[in-house]
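> Please read through the structure below; I'll follow up with questions.
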Amino acid sequence: MSQPVPVAPGQDADQFKDAPIFDADSHMYETPDALTRYLPEKYASAVQFVQVGRQTRISILGQIRDYIPNPTFDRVAAPGAWEKFFAAENREGKTLTQMAREQIIESAPSFRAPAPRIDALDRQGVDQAMVYPTLANLVEHSAADDPELCAAMIHALNQWMLETWGFTHEDRLFMTPVINLGILSEAMKELEYVLANGAKVILIKPAPVRDWKGWRSPALPEFDPFWRAVEAAGLPVVLHASQPPLDSYINMWEPPESKVFTEMSSFRWIALGHREITDMITSLICHGTLTRFPKLRIASVENGSAWLHPLFHDYEDFYKKMPQAFPEHPVDVFRRNIWISPFWEGSVADVVETVGWDRVMFGSDFPHPEGLTEPKGFWKYAEGMDVKRTYDFMGDNARRFLGLEVRNPDAV
């Protein structure tokens with residue numbers, strides 16, 4: 001692996017932009033039956049879509065879950081609707097809800113199915129993409145009180161995804177079936193299922209997991225059978241941002257007036273920070289998973305990168321204080337096993353300076369409103385990159401993560 005190399009800020013007007021794009025962060029909008037079509041009958045009453053006034057909401061375990069306020073996705077905020085907010089250009093002080101309401105559109109076919117998405121990629125000049133579910137953001141958090149229900153919902157979603165999108169499509173779309181490790185035996189069955197059906201990558205929520213005995217880290221040795229099988233299969237793992245598991249703690253400070261994330265207070269935005277991803281990766285390192293299985297490939301997607309410098313500072317500091325407590329130097333493990341997709345409005349240099357140029361991947365978050373109107377909109381925020389780095393960041397590093405052929409003809 002190459003060593004971290006600084007990247008100069010700013011963009012040359014003549015900057016090379018023709019590298020074939022691999023979008024490491026794009027999404028589908030599921031149909032309402034994505035969680036219920038294949039859900040066993042005994043769980044039918046636990047997962048329901050209910051009418052609240054003129055709006056449809058999802059109820060899980062008898063509670064309305066409004067983290068995603070429109071779970072049918074029939075009408076959605078347009079791609080890029082929140083660009084000014086996340087680009088720190090919200091001079092009018094609008095809330096995310098206000099911004100969304102100003103740009104509501106009918107859900108496009110390309111949001112819902114693979115063939116139209118391929119057409120959209122062609123129009124956008126995108127070669128390949130990883131495609132994540134959207135409803136998965138709330139499943140594991142909302143069903144945590146019933147681990148068996150959670151496993152059943154995850155399997156139902158994966159079955160729907162396989163039927164509707166496939167796990168790969170034309171070697172251009174790579175869908176990310178979900179695996180929850182709450183019940184290890186169910187996780188092993190799910191891993192076998194997705195591998196048998198051609199999955200090239202899996203999605204795991206960066207959070208503790210729960211069975212009937214309680215919560216714990218999915219990086220503890222009891223989960224080694226799963227990680228051993230993942231490593232043996234050469235299957236990369238994405239840790240994508242999801243509904244944060246810290247809600248109960250934050251609620252001690254500030255009981256929410258609404259659980260809709262678009263209406264979070266400034267305190268909640270700042271307090272939540274990046275704890276989920278830093279805790280998950282630190283668990284994988286400190287609890288020894290990435291030492292016991294050093295060939296695992298793990299990517300952090302839609303978690304930003306601003307947390308890298310303070311986390312690396314802590315790794316260096318505590319390794320000097322208690323080297324005996326670490327199976328390996330934590331920085332070395334991170335650089336060996338972890339890929340990062342920074343926010344489009346963030347800093348590629350955060351990743352390059354800490355992890356290395358071959359570990360940074362482009363992601364647009366299309367078609368979510370917090371993403372870009374289209375992936376090539378990234379060039380407005382791009383930092384200076386030469387031809388090789390453009391090939392790597394805009395596509396080849398993600399291809400290496402998935403074990404695909406790179407597209408740079410000069411790549412070694």
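In the structure tokens, each chain is lettered A, B, ... as it comes, each chain's residues begin at 1, and ligands are numbered from 1 in order of appearance.
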Extract, using only C-alpha atoms, all DNA, RNA and protein residues at most 8 Å from range 385-398 of chain A, discarding same-chain residues fewer than 6 positions from it, and format them as a list in words.
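Near neighbours after the sequence-gap exclusion: Val7, Ala8, Gln11, Gln15, Phe16, Lys17, Ala19, Pro20, Ile21, Phe22, Asp23, Ala24, Trp357, Asp358, Arg359, Val360, Met361, Phe362, Val406, Arg407, Asn408 and Ala411 of chain A.
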> Just C-alpha atoms for this one: save the residues we selected as a PDB file, in the first residue's frame.

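Final output, saved to selection-v5.pdb:
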ATOM      1  CA  VAL A   7      -3.017  16.610  -2.037  1.00  0.00           C
ATOM      2  CA  ALA A   8      -3.063  20.257  -2.997  1.00  0.00           C
ATOM      3  CA  GLN A  11      -9.059  23.039  -8.729  1.00  0.00           C
ATOM      4  CA  GLN A  15      -8.227  19.513 -14.550  1.00  0.00           C
ATOM      5  CA  PHE A  16      -8.557  16.039 -16.017  1.00  0.00           C
ATOM      6  CA  LYS A  17     -12.160  14.849 -15.535  1.00  0.00           C
ATOM      7  CA  ALA A  19     -11.744   8.987 -15.640  1.00  0.00           C
ATOM      8  CA  PRO A  20     -14.589   6.401 -15.655  1.00  0.00           C
ATOM      9  CA  ILE A  21     -16.563   7.059 -12.490  1.00  0.00           C
ATOM     10  CA  PHE A  22     -17.336   4.420  -9.887  1.00  0.00           C
ATOM     11  CA  ASP A  23     -19.836   5.948  -7.457  1.00  0.00           C
ATOM     12  CA  ALA A  24     -19.210   4.290  -4.084  1.00  0.00           C
ATOM     13  CA  TRP A 357      -4.255   7.831  -1.612  1.00  0.00           C
ATOM     14  CA  ASP A 358      -5.255   4.262  -2.464  1.00  0.00           C
ATOM     15  CA  ARG A 359      -7.834   4.209   0.331  1.00  0.00           C
ATOM     16  CA  VAL A 360     -10.083   7.123  -0.713  1.00  0.00           C
ATOM     17  CA  MET A 361     -13.258   6.597  -2.782  1.00  0.00           C
ATOM     18  CA  PHE A 362     -15.701   8.970  -4.463  1.00  0.00           C
ATOM     19  CA  VAL A 406      -9.101  -1.073 -12.656  1.00  0.00           C
ATOM     20  CA  ARG A 407      -9.669   1.240 -15.618  1.00  0.00           C
ATOM     21  CA  ASN A 408      -6.504   3.321 -15.598  1.00  0.00           C
ATOM     22  CA  ALA A 411      -2.027   1.494 -13.432  1.00  0.00           C
TER      23      ALA A 411
END
> I'd like to know which residues of range 182-311 of chain A are helix (DSSP H, G or I) (by DSSP, run on the backbone); could you write them as JSON, numbers by chain?
{"A": [184, 185, 186, 187, 188, 189, 190, 191, 192, 193, 194, 195, 196, 221, 222, 223, 224, 225, 226, 227, 228, 229, 230, 231, 232, 233, 247, 248, 249, 250, 251, 252, 253, 261, 262, 263, 266, 267, 268, 269, 270, 271, 272, 275, 276, 277, 278, 279, 280, 281, 282, 283, 284, 285, 286, 289, 290, 291, 292, 308, 309, 310, 311]}
> Counting only C-alpha atoms, which of A:Trp344, A:Arg216, A:Glu263, A:Ser283 gets nearest to Glu374 in chain A?
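Ranking A:Trp344, A:Arg216, A:Glu263, A:Ser283 by distance to Glu374 in chain A, first place goes to A:Trp344.
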> Go through range 122-151 of chain A and collect every residue that DSSP, computed from the backbone, puts in strand (DSSP E); the answer should be as a PyMOL selection string.
chain A and resi 126-132
> Go ahead and write the residues just picked, C-alpha atoms, as a PDB file, in the first residue's frame.

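Heads up, here's the output in out_28.pdb:
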ATOM      1  CA  VAL A 126     -21.077   7.168 -14.506  1.00  0.00           C
ATOM      2  CA  ASP A 127     -19.607   3.765 -15.263  1.00  0.00           C
ATOM      3  CA  GLN A 128     -20.406   1.733 -12.137  1.00  0.00           C
ATOM      4  CA  ALA A 129     -21.909   2.206  -8.687  1.00  0.00           C
ATOM      5  CA  MET A 130     -22.588   0.577  -5.371  1.00  0.00           C
ATOM      6  CA  VAL A 131     -26.283   0.894  -4.561  1.00  0.00           C
ATOM      7  CA  TYR A 132     -27.513   0.882  -0.953  1.00  0.00           C
TER       8      TYR A 132
END
> Using only C-alpha atoms, can you tell me which of A:Gly125, A:Pro327, A:Pro367, A:Gly304 comes closest to Arg292 in chain A?
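Ranking A:Gly125, A:Pro327, A:Pro367, A:Gly304 by distance to Arg292 in chain A, first place goes to A:Pro327.
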